[in-house]
Amino acid sequence: MLDAHPRATDIPSGTEAPPIVTFEGVTKRYPGIIANDSIDMEFRAGEVHVLLGENGAGKSTLVSMLSGLQQPDDGRILIDGVEKPIGSPGEALEIGISTVFQHSMLVPSLTLVENATLGRKWWQKPDREGTAQVMNAAAERIGVRLDPMALTGDLSLGERQQAEITRALMRGARFLILDEATAMLTPDDAARLGELMRRLAAEGMAVVFITHKLNEAVAYGDRVSVLRLGKKVGGLSPEELKSLDPQEATNAVVQLMFGTREASTGERDRPDATTVDRSAKPTLELLALYAKSGRVPLENIEFKVWPGEILGIAGIDGNGQKQLASTIAGQAPVSDGRIILDGAYIDKMTIGQRREKGLRYVTDDRLGEGTVGTFPMSINLLLKEIGQTPYWRGGIEQPEAIRENARQKVKEFDIRTPSIDTPVGKLSGGNIQKVLLARELAGAARVVIFEKPTYGLDLANIAATKMRIREAAQSGAAVILISTELDELLELSHRIAVMDQGRVAGIVENEDGARHKIGALMSGAEK
Amino acid sequence: MNTQTMTDDTVQTTEMRQKLRSIAGVLLMSLGPVLMAFILSGVILLILKVNPFSYYGYVFGRGLLSPTGVQATLTRMGPLLLIAASLIVAFRAGIWNLGGDAQFLVGAVFCAAATPLMAPHVPVWLGLLAGAAISAIFGGLWALLPAFLRAYQGLNEIITTLMMNFLGISLASVLVKLVFLDPSTTVPQTRTLAVEDRLPTLFGTTISSGLIIGLVAILAVHFVMTRTAFGLRLRVVGGNASAAVHAGLAVPLLTVMVFAISGGLAGLSGGVAILGQYGNVRADWNPAYSLSIVPLVFLARFNGFAAIGFVGLFSILSIGAESAARRTGVPNYFTLVTIGILLVMLAVSEYYSAKRQKAGA
Ligand SMILES: Nc1ncnc2c1ncn2[C@@H]1O[C@H](COP(=O)(O)OP(=O)(O)O)[C@@H](O)[C@H]1O
Ligand SMILES: [Mg+2]
């Protein structure tokens with residue numbers, strides 16, 4: 001994942017420009033945690049300022065003070081050189097600061113156009129037609145295809161985020177914050193967004209870009225700042241960035257982020273295919289599966305997964321991967337065909353019965369459906385076992401057992417949280433993912449579906465998650481790994497199925513040349 | 001200071017401190033609006049040229065300080081607590097059952113129709129039990145249509161339960177006038193349950209044992225919602241319905257159960273009002289308890305114990321206001337003005353606490 005894109009060195013970056021926003025000793029505390037510890041930072045017009053750091057390092061907290069969502073407890077914020085608090089998101093918008101968040105902020109029950117007109121004054125008539133045109137134009141600029149009349153709730157997470165970026169651009173901001181905005185995009189779209197960032201910077205806009213992909217940071221950034229445990233531990237100035245080649249820059253950043261660790265953690269070793277016995281009975285079998293109810297209907301899906309095998313599902317986001325996962329898990333109805341787990345038909349079973357049979361589903365919609373954000377972490381760990389012993393006896397909660405389970409999981413999965421009673425929604429993305437992993441991998445798993453398991457995570461958490469995926473397979477479970485990261489699939493999977501418009505376009509053994517074959521299948525060349 | 005998990009010791013002390021601070025915060029957040037509501041109501045009374053001190057003197061003198069008043073206050077609390085229990089079940093599960101008034105009345109009417117007919121033929125306790133059961137069943141039944149529409153069609157229950165209110169209130173009145181009419185009187189009302197067949201009073205006072213039923217119900221609801229697996233399932237549905245589906249909960253079934261329990265408790269409230277206090281239902285009787293209790297339940301943040309306190313306060317106010325009305329000419333629904341202001345104050349305090357939280361206090 002570290003092979004960097006070519007850098008946009010041909011576009012001059014205006015380091016001479018004065019800072020639009022300056023942070024001086026800005027500190028933000030949460031109960032039990034200093035999320036930002038005396039940060040000094042400048043955000044200049046004409047610069048793409050990349051924020052790097054592990055999950056929980058405090059990047060989102062930092063930008064939430066730029067966007068007016070949070071107020072610093074200490075320190076000063078200067079706007080155009082003058083001290084001025086950013087008291088609310090409204091004030092941020094007035095200053096020209098627009099944000100695209102990690103989690104979608106669009107109203108699901110409205111169309112994209114309606115969402116875009118929300119900011120207007122109440123007496124103004126929402127001009128849907130005009131807005132739709134503006135939206136289309138803005139979307140075109142960033143190479144996003146969207147239907148302004150589509151209902152937001154019908155869109156995949158990826159599409160929602162693309163729409164959100166479009167909306168921010170429509171507001172004509174001079175300061176754009178992209179909090180892990182590329183995490184969901186296909187590599188092509190991410191590259192297009194990167195190029196757009198370069199163009200915006202050239203036009204004099206300040207861009208704050210949070211990403212976990214170092215290659216993006218090096219390719220699109222003018223300036224890099226690295227946060228660790230709430231502190232700014234260093235960075236690369238525009239001059240330093242220009243003088244280093246991408247590999248050197250990446251190494252320098254890794255050095256800052258993790259101390260001594262090398263960038264070569266991405267070095268891939270293909271899994272050992274001989275560990276999978278294909279003459280044995282498959283654990284999971286899909287027979288001519290159709291599911292018509294979803295937004296992308298599934299058609300004639302057939303595959304088998306053997307014990308200990310990792311089957312990768314590749315494809316551009318929104319080609320039925322989510323439907324596939326939720327249909328197997330029982331959240332969406334099967335219209336035709338069968339699902340067999342350990343020799344038994346499970347397609348008529350409820351979600352709970354399938355889980356009892358050993359089916360596990362690590363969803364990518366971690367806050368949307370994976371957890372109840374306002375509930376304590378300890379309860380979220382048991383969300384799928386409500387009523388079961390020893391956590392409940394005779395239907396009555398056993399607080400000590402519940403706490404003990406949480407304490408154990410915190411240790412085992414290295415969940416970083418102020419306390420086990422902290423509402424799970426207040427944890428950082430990586431820690432929410434650990435809560436989900438701890439919950440789904442508990443007990444005897446026979447089939448585990450991982451849906452975009454590393455989306456939005458930092459390098460350390462990606463490595464931990466990959467280890468969990470391998471362990472699940474090694475313990476004999478059949479694993480389905482849905483991902484839009486081809487490198488990740490090639491690193492982990494024994495075989496890779498490519499999904500295209502709700503069908504399986506083909507299944508490829510992970511051997512030499514697999515990357516090429518998958519690419520061909522994804523582009524529809526081998527139909 | 002870092003993002004690591006803290007040691008057990010510091011966790012416990014900070015937890016203690018946090019708990020204390022959150023209790024103090026909750027007290028402030030709950031009592032502050034109450035005080036403000038009284039002050040602002042007082043200002044309105046002044047504008048109406050009524051001395052607020054003498055008005056509230058009458059209200060509390062009657063509702064809290066006179067022996068007969070206090071007994072009336074406590075008696076009225078019985079049905080009100082059942083209503084609060086009914087609302088807490090629904091609201092915690094994220095279901096806005098606003099049809100409590102009709103559920104109450106339908107329960108009351110069927111209870112009032114059946115119990116006086118049964119009473120002469122069965123022991124008193126059996127008659128009371130049957131009467132209570134009838135009220136709960138019919139209250140629950142009246143909630144089922146909105147339940148199914150919400151559970152299987154996704155129809156917004158706020159609209160359907162409010163519509164069922166209109167229907168239920170009219171139905172109750174039609175039933176009293178045409179079907180369950182007491183043939184021996186000229187006023188349109190149901191047969192009257194003899195005083196000796198009603199719920200017993202407590203310790204030689206006039207306080208109805210409906211109060212005990214109400215207290216037991218709301219404490220039971222509080223326990224079920226906060227300490228049991230069933231309650232947690234309901235709260236998951238209320239907290240994030242998609243997560244409930246993902247976790248394999250039978251959301252439609254749970255939804256129907258919530259409506260049935262909530263409607264049943266509202267119906268039982270009607271039954272307890274009949275069996276303990278009124279003995280019959282007159283045509284066009286509608287005390288509209290449910291919609292008055294809704295803001296109180298919000299004020300209590302769906303907490304059963306806090307709800308007991310607020311229901312007590314409301315009971316004092318409404319009993320006291322009836323007497324103050326006779327002496328000062330301020331209509332007794334002025335209580336609702338106070339409650340209305342209380343709601344606004346609640347919203348204001350909610351706004352400030354959200355702001356404080358954002359500021360990281
Ligand atoms: N609203 C909040 N309340 C309490 N703690 C929070 C809140 N938001 C973030 N945190 C904590 O602050 C730390 C930094 O979080 P965040 O800024 O989201 O990290 P990042 O975006 O770098 O992953 C984390 O430990 C997180 O749990
Ligand atoms: Mg973040």
# chains A, B, ... in the order shown; residues from 1 in each chain; ligands from 1

call {"tool": "residues_near_ligand", "arguments": {"ligand": "ligand 2", "cutoff": "9 Å", "atoms": "only C-alpha atoms and all ligand atoms", "output": "list in words"}}
result
Glu54, Asn55, Gly56, Ala57, Gly58, Lys59, Ser60, Thr61, Phe101, Gln102, Asp179, Glu180, Ile210, Ser428, Gly429, Gly430, Gly456 and Leu457 of chain A

call {"tool": "write_last_selection", "arguments": {"atoms": "C-alpha atoms", "output": "PDB file, in the first residue's frame"}}
result
ATOM      1  CA  GLU A  54      -2.856   6.485  14.771  1.00  0.00           C
ATOM      2  CA  ASN A  55      -6.515   6.059  15.662  1.00  0.00           C
ATOM      3  CA  GLY A  56      -7.231   8.054  18.784  1.00  0.00           C
ATOM      4  CA  ALA A  57      -4.234  10.325  18.244  1.00  0.00           C
ATOM      5  CA  GLY A  58      -6.554  13.334  18.280  1.00  0.00           C
ATOM      6  CA  LYS A  59      -6.852  14.273  14.615  1.00  0.00           C
ATOM      7  CA  SER A  60     -10.632  14.451  14.554  1.00  0.00           C
ATOM      8  CA  THR A  61     -10.606  16.403  17.795  1.00  0.00           C
ATOM      9  CA  PHE A 101     -16.535  14.093   8.300  1.00  0.00           C
ATOM     10  CA  GLN A 102     -15.504  10.516   8.798  1.00  0.00           C
ATOM     11  CA  ASP A 179     -11.446  13.843   7.739  1.00  0.00           C
ATOM     12  CA  GLU A 180     -10.560  10.453   6.260  1.00  0.00           C
ATOM     13  CA  ILE A 210      -6.629  13.459   7.374  1.00  0.00           C
ATOM     14  CA  SER A 428     -12.177   6.500  18.147  1.00  0.00           C
ATOM     15  CA  GLY A 429     -12.862   4.496  14.999  1.00  0.00           C
ATOM     16  CA  GLY A 430     -10.107   1.968  15.614  1.00  0.00           C
ATOM     17  CA  GLY A 456     -10.514   4.141   8.409  1.00  0.00           C
ATOM     18  CA  LEU A 457      -7.957   2.443  10.635  1.00  0.00           C
TER      19      LEU A 457
END

call {"tool": "residues_around", "arguments": {"residues": "B:Ile308", "least_positions_apart": "3", "cutoff": "9 Å", "atoms": "only C-alpha atoms", "output": "list in words"}}
result
Met77, Leu81, Ala84, Leu215, Ile218, Ala300, Asn303, Gly304, Phe305, Val311, Gly312 and Leu313 of chain B

call {"tool": "interface_residues", "arguments": {"of": "chain A", "to": "chain B", "cutoff": "6 Å", "atoms": "only C-alpha atoms", "output": "list in words"}}
result
Ile33, Gln70, Gln71, Ile351, Gly352, Glu369, Gly370, Thr371, Val372, Lys384, Ile386, Gly387, Gly395, Ile396, Glu397, Arg416, Thr417 and Pro418 of chain A

call {"tool": "atom_distance", "arguments": {"atom1": "atom CA of B:Tyr289", "atom2": "atom CA of B:Ile159"}}
result
18.7 Å

call {"tool": "residues_around", "arguments": {"residues": "A:Leu437", "least_positions_apart": "3", "cutoff": "10 Å", "atoms": "only C-alpha atoms", "output": "JSON, numbers by chain"}}
result
{"A": [360, 361, 362, 363, 381, 409, 413, 431, 432, 433, 434, 440, 441, 442, 450, 453, 465, 468, 469]}

call {"tool": "residues_around", "arguments": {"residues": "stretch 264-271 of chain B", "least_positions_apart": "2", "cutoff": "9 Å", "atoms": "only C-alpha atoms", "output": "VMD selection string"}}
result
chain B and resid 78 to 87 100 to 112 131 to 143 210 214 217 259 to 262 273 to 276 290

call {"tool": "select_by_dssp", "arguments": {"residues": "stretch 69-313 of chain A", "states": "alpha helix (DSSP H)", "output": "VMD selection string"}}
result
chain A and resid 89 to 95 112 to 117 128 to 141 157 to 170 187 to 202 214 to 220 238 to 243 246 to 258

call {"tool": "select_by_dssp", "arguments": {"residues": "stretch 283-461 of chain A", "states": "strand (DSSP E or B)", "output": "PyMOL selection string"}}
result
chain A and resi 284-291+298-305+310-314+336-341+344-345+359-362+376+392-393+396-397+423+447-451

call {"tool": "atom_distance", "arguments": {"atom1": "atom CA of A:Leu196", "atom2": "atom CA of A:Val100"}}
result
14.7 Å

call {"tool": "residues_around", "arguments": {"residues": "A:Gly75", "least_positions_apart": "2", "cutoff": "10 Å", "atoms": "only C-alpha atoms", "output": "NGL selection string"}}
result
:A and (23-28 or 37-40 or 72-73 or 77)

call {"tool": "write_last_selection", "arguments": {"atoms": "N, CA and C atoms", "output": "CSV table (one decimal), in the first residue's frame"}}
result
chain,number,residue,atom,x,y,z
A,23,PHE,N,-3.1,27.9,15.3
A,23,PHE,CA,-3.3,27.3,16.6
A,23,PHE,C,-2.1,27.6,17.5
A,24,GLU,N,-2.4,28.2,18.7
A,24,GLU,CA,-1.3,28.4,19.6
A,24,GLU,C,-1.6,27.7,20.9
A,25,GLY,N,-0.9,26.7,21.2
A,25,GLY,CA,-1.0,26.0,22.5
A,25,GLY,C,-2.4,25.4,22.7
A,26,VAL,N,-3.1,25.0,21.7
A,26,VAL,CA,-4.5,24.6,21.8
A,26,VAL,C,-4.5,23.2,22.5
A,27,THR,N,-5.4,23.2,23.6
A,27,THR,CA,-5.5,21.9,24.3
A,27,THR,C,-7.0,21.6,24.5
A,28,LYS,N,-7.3,20.3,24.3
A,28,LYS,CA,-8.6,19.8,24.5
A,28,LYS,C,-8.7,18.6,25.3
A,37,ASP,N,-3.0,18.1,23.1
A,37,ASP,CA,-2.1,18.6,24.2
A,37,ASP,C,-1.2,19.7,23.6
A,38,SER,N,-1.7,21.0,23.9
A,38,SER,CA,-0.9,22.1,23.6
A,38,SER,C,-0.3,22.1,22.1
A,39,ILE,N,-1.2,22.2,21.2
A,39,ILE,CA,-0.9,22.1,19.8
A,39,ILE,C,-0.6,23.4,19.2
A,40,ASP,N,0.5,23.6,18.5
A,40,ASP,CA,0.8,24.7,17.7
A,40,ASP,C,0.8,24.3,16.3
A,72,PRO,N,-11.7,24.8,22.4
A,72,PRO,CA,-10.5,24.4,23.1
A,72,PRO,C,-10.6,24.7,24.6
A,73,ASP,N,-10.0,23.9,25.5
A,73,ASP,CA,-10.0,24.2,26.9
A,73,ASP,C,-8.9,25.2,27.2
A,77,ILE,N,-6.9,30.5,19.2
A,77,ILE,CA,-7.0,30.3,17.8
A,77,ILE,C,-7.1,31.7,17.1

call {"tool": "atom_distance", "arguments": {"atom1": "atom CA of A:Ala464", "atom2": "atom CA of A:Val435"}}
result
12.8 Å

call {"tool": "residues_around", "arguments": {"residues": "stretch 41-49 of chain A", "least_positions_apart": "4", "cutoff": "7 Å", "atoms": "only C-alpha atoms", "output": "list in words"}}
result
Ser13, Gly14, Ala17, Pro18, Pro19, Ile20, Val21, Thr22, Phe23, Glu24, Ala201, Ala202, Glu203, Gly204, Met205, Ala206, Val207, Val208, Phe209, Gly221, Asp222, Arg223 and Val224 of chain A

call {"tool": "write_last_selection", "arguments": {"atoms": "C-alpha atoms", "output": "PDB file, in the first residue's frame"}}
result
ATOM      1  CA  SER A  13       2.388  25.726  -3.581  1.00  0.00           C
ATOM      2  CA  GLY A  14       2.045  29.097  -1.962  1.00  0.00           C
ATOM      3  CA  ALA A  17       0.673  32.950   1.869  1.00  0.00           C
ATOM      4  CA  PRO A  18      -0.304  33.988   5.392  1.00  0.00           C
ATOM      5  CA  PRO A  19      -2.001  31.398   7.591  1.00  0.00           C
ATOM      6  CA  ILE A  20      -5.795  31.461   7.544  1.00  0.00           C
ATOM      7  CA  VAL A  21      -5.964  29.721  10.917  1.00  0.00           C
ATOM      8  CA  THR A  22      -3.252  29.536  13.556  1.00  0.00           C
ATOM      9  CA  PHE A  23      -3.341  27.315  16.646  1.00  0.00           C
ATOM     10  CA  GLU A  24      -1.280  28.424  19.623  1.00  0.00           C
ATOM     11  CA  ALA A 201      -4.588  24.431  -3.268  1.00  0.00           C
ATOM     12  CA  ALA A 202      -3.289  25.991  -6.465  1.00  0.00           C
ATOM     13  CA  GLU A 203      -6.373  28.226  -6.503  1.00  0.00           C
ATOM     14  CA  GLY A 204      -5.434  29.416  -3.022  1.00  0.00           C
ATOM     15  CA  MET A 205      -7.622  27.220  -0.876  1.00  0.00           C
ATOM     16  CA  ALA A 206      -6.420  25.766   2.415  1.00  0.00           C
ATOM     17  CA  VAL A 207      -7.044  22.047   2.703  1.00  0.00           C
ATOM     18  CA  VAL A 208      -6.706  19.945   5.840  1.00  0.00           C
ATOM     19  CA  PHE A 209      -6.508  16.313   4.883  1.00  0.00           C
ATOM     20  CA  GLY A 221       0.371  17.000   0.853  1.00  0.00           C
ATOM     21  CA  ASP A 222       2.375  20.236   0.978  1.00  0.00           C
ATOM     22  CA  ARG A 223       2.915  19.959   4.702  1.00  0.00           C
ATOM     23  CA  VAL A 224       2.610  17.030   7.062  1.00  0.00           C
TER      24      VAL A 224
END

call {"tool": "residues_around", "arguments": {"residues": "B:Thr75", "least_positions_apart": "6", "cutoff": "7 Å", "atoms": "only C-alpha atoms", "output": "PyMOL selection string"}}
result
chain B and resi 207-208+210-211

call {"tool": "write_last_selection", "arguments": {"atoms": "N, CA, C and O atoms", "output": "PDB file, in the first residue's frame"}}
result
ATOM      1  N   ILE B 207     -57.075   7.317  51.368  1.00  0.00           N
ATOM      2  CA  ILE B 207     -56.142   7.076  50.266  1.00  0.00           C
ATOM      3  C   ILE B 207     -56.436   5.707  49.658  1.00  0.00           C
ATOM      4  O   ILE B 207     -56.448   4.701  50.354  1.00  0.00           O
ATOM      5  N   SER B 208     -56.642   5.700  48.348  1.00  0.00           N
ATOM      6  CA  SER B 208     -56.944   4.439  47.680  1.00  0.00           C
ATOM      7  C   SER B 208     -55.673   3.605  47.542  1.00  0.00           C
ATOM      8  O   SER B 208     -54.570   4.132  47.369  1.00  0.00           O
ATOM      9  N   GLY B 210     -54.928   2.113  45.127  1.00  0.00           N
ATOM     10  CA  GLY B 210     -54.430   2.330  43.767  1.00  0.00           C
ATOM     11  C   GLY B 210     -53.032   2.930  43.792  1.00  0.00           C
ATOM     12  O   GLY B 210     -52.211   2.670  42.907  1.00  0.00           O
ATOM     13  N   LEU B 211     -52.755   3.715  44.827  1.00  0.00           N
ATOM     14  CA  LEU B 211     -51.423   4.310  44.969  1.00  0.00           C
ATOM     15  C   LEU B 211     -50.352   3.220  45.017  1.00  0.00           C
ATOM     16  O   LEU B 211     -49.304   3.337  44.362  1.00  0.00           O
TER      17      LEU B 211
END

call {"tool": "closest_residue", "arguments": {"among": "A:Arg160, A:Arg495, A:Lys348, A:His516", "to": "A:Gly308", "atoms": "only C-alpha atoms"}}
result
A:Arg495
